[in-house]
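Student: First the structure, which I've put down as structure tokens, then a few questions once you've had a look.
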Amino acid sequence: MNIIPPRSGVAFVLRKGNHLKVLDVQGEQVSDFVCYNLNDKNEHLSSGRTLDYAETLFLSTGSLFYSNRSNVMFEIIEDTVRRHDFLLAPCSAEMFRITYGHTEPHHGCFGNLKHALAEFGIPGDAIPTCFNIFMNVDVNGATGKLSVLPPKSKAGDLVILHARMDLIVGMTACSAGMSNNFSYKPIGFEILEDQKSPKLTPNL
């Protein structure tokens with residue numbers, strides 16, 4: 001199991017057919033996830049296309065995730081939480097200044113992804129809205145107001161993604177206090193190369 005330390009990010013290659021297990025090690029910790037076509041980095045994960053085709057905000061087991069070119073990039077095949085977000089952009093220094101008035105803000109998930117993805121020649125301007133694994137965002141049905149609530153994930157909760165193409169993946173252990181119930185914790189991940197998903201028992 002690989003560990004992403006609190007308030008940091010990583011980037012790596014995930015091959016078609018392999019699975020990626022994302023683990024909430026201690027509970028209530030979000031991971032911002034983004035991916036690109038390894039063979040054409042102009043093709044990237046698209047919130048708009050995915051939500052359009054899924055016709056729901058609540059993406060979970062069986063959900064397909066599409067690129068900006070409407071190709072399937074990956075599928076969720078296991079999910080013990082069933083509550084994630086695909087609306088909000090990765091936190092950034094600008095977000096901390098604008099939203100919270102921080103005078104010396106952390107560079108956030110956006111900065112961590114920008115640094116990690118630079119190894120693959122992907123600039124910050126190419127980072128789209130991320131799939132925010134374990135993030136709990138409520139949408140008020142009457143007003144449309146978005147509220148960031150504590151994640152529903154507990155220690156040991158996870159999702160498993162099945163890659164449908166060769167991918168460059170960027171992931172973080174999120175830096176926004178409100179997203180993580182004001183406690184910064186690690187995220188675990190593991191590439192399962194045997195193309196088999198173990199039988200999992202959700203935390204109760």
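Simple scheme: letters A, B, ... for chains in structure tokens order, numbers from 1 for residues in each chain, numbers from 1 for ligands in the order shown.
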Can you pull out every residue from stretch 44-180 of chain A that DSSP, working from the backbone, puts in alpha helix (DSSP H), and format the result as a ChimeraX atom specification?

Tutor: /A:47-54,93-100,108-117

Student: Env of A:Leu88: 9 Å cut, atoms = only C-alpha atoms, seq-sep filter 4 positions within chain, self excluded. Answer as a JSON list (two decimals) with C-alpha atoms, in the first residue's frame.

Tutor:
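Written out: selection.json:
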[["chain", "number", "residue", "atom", "x", "y", "z"],
["A", 129, "THR", "CA", -12.50, 19.62, -11.98],
["A", 130, "CYS", "CA", -11.39, 16.57, -10.02],
["A", 131, "PHE", "CA", -13.43, 13.61, -8.83],
["A", 132, "ASN", "CA", -13.29, 14.27, -5.09],
["A", 137, "VAL", "CA", -21.21, 18.00, -0.67]]

Student: From the list A:Gly62, A:Pro186, A:Gly108, A:Gly48, which residue is nearest A:Leu161 when using only C-alpha atoms?

Tutor: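 For A:Leu161, the nearest of the candidates is A:Gly62.
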
Student: Using only C-alpha atoms, determine which residues lie at most 9 Å from A:Pro150, disregarding the query and same-chain residues fewer than 2 positions distant; provide the list as a PyMOL selection string.

Tutor: chain A and resi 28-29+135-137+148+152-153+178-182

Student: At a cut-off of 9 Å, using only C-alpha atoms, what residues contact stretch 33-36 of chain A? Leave out same-chain residues fewer than 2 positions from it and give the result as a ChimeraX atom specification.

Tutor: /A:31,38-45,67,73,113,127-133,166-172

Student: Run DSSP on the backbone and give me the residues of chain A it puts in strand (DSSP E), as a ChimeraX atom specification.

Tutor: /A:2-4,8-14,19-24,31-37,40-44,64-66,72-79,131-133,136-139,146-149,158-163,167-173,187-192

Student: Skip A:Val139 itself and residues of its chain fewer than 4 positions away, then list as a ChimeraX atom specification all residues within 12 Å of it, counting only C-alpha atoms.

Tutor: /A:57-58,85,87-88,143-149

Student: Taking C-alpha atoms for each residue, export the selection above as a compact mmCIF listing (two decimals), in the first residue's frame.

Tutor:
# COMPACT_ATOMS: atom_id res chain seq x y z
CA LEU A 57 -24.68 13.65 -8.92
CA PHE A 58 -24.22 10.50 -6.85
CA ASP A 85 -18.23 14.92 -5.18
CA LEU A 87 -18.77 19.53 -8.66
CA LEU A 88 -16.10 21.49 -6.80
CA THR A 143 -31.92 27.21 -3.29
CA GLY A 144 -29.13 25.24 -5.00
CA LYS A 145 -26.71 26.23 -2.21
CA LEU A 146 -23.68 23.95 -1.89
CA SER A 147 -22.56 22.94 1.60
CA VAL A 148 -19.36 21.02 2.34
CA LEU A 149 -20.05 18.51 5.12

Student: Considering only C-alpha atoms, state which residue in the set A:Ala163, A:Pro151, A:Thr56, A:Glu94 is at the smallest distance from A:Glu193.

Tutor: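 Closest to A:Glu193 of all the choices is A:Ala163.
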
Student: Smallest atom-to-atom distance to A:Phe96: which of A:Gly124, A:Met165, A:Lys16, A:Ser175, using only C-alpha atoms?

Tutor: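 Of A:Gly124, A:Met165, A:Lys16, A:Ser175, the one nearest A:Phe96 is A:Ser175, counting only C-alpha atoms.
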
Student: Would you mind listing what lies within 10 Å of A:Val22 as a ChimeraX atom specification, with only C-alpha atoms counted and same-chain residues fewer than 6 positions away left out?

Tutor: /A:1-3,31,33,79,133-134,156-161,171,187-191

Student: Of the residues A:Leu117, A:Leu51, A:Ala176, A:Ile77, which is the one nearest to A:Thr99, using only C-alpha atoms?

Tutor: A:Ala176

Student: Could you please determine the separation between atom CA of A:Asn71 and atom CA of A:Leu20 in Å, to one decimal place?

Tutor: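 Atom-to-atom, atom CA of A:Asn71 to atom CA of A:Leu20, that is 18.8 Å.
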
Student: Using only C-alpha atoms, can you tell me which of A:Gln26, A:Ala126, A:Arg15, A:Ala116 comes closest to A:Asn68?

Tutor: A:Ala126

Student: Rounded to one decimal, what separation in Å do you get between atom CA of A:His84 and atom CA of A:Phe12?

Tutor: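 Atom-to-atom, atom CA of A:His84 to atom CA of A:Phe12, that is 21.9 Å.
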
Student: If you measure from atom CA of A:Ala11 to atom CA of A:Ala173, what distance in Å do you get, rounded to one decimal?

Tutor: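 So the answer is 12.2 Å.
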
Student: Could you tell me which of A:Gly101, A:Gly177, A:Gly27, A:Gly17 comes closest to A:Lys154 if we count only C-alpha atoms?

Tutor: A:Gly27
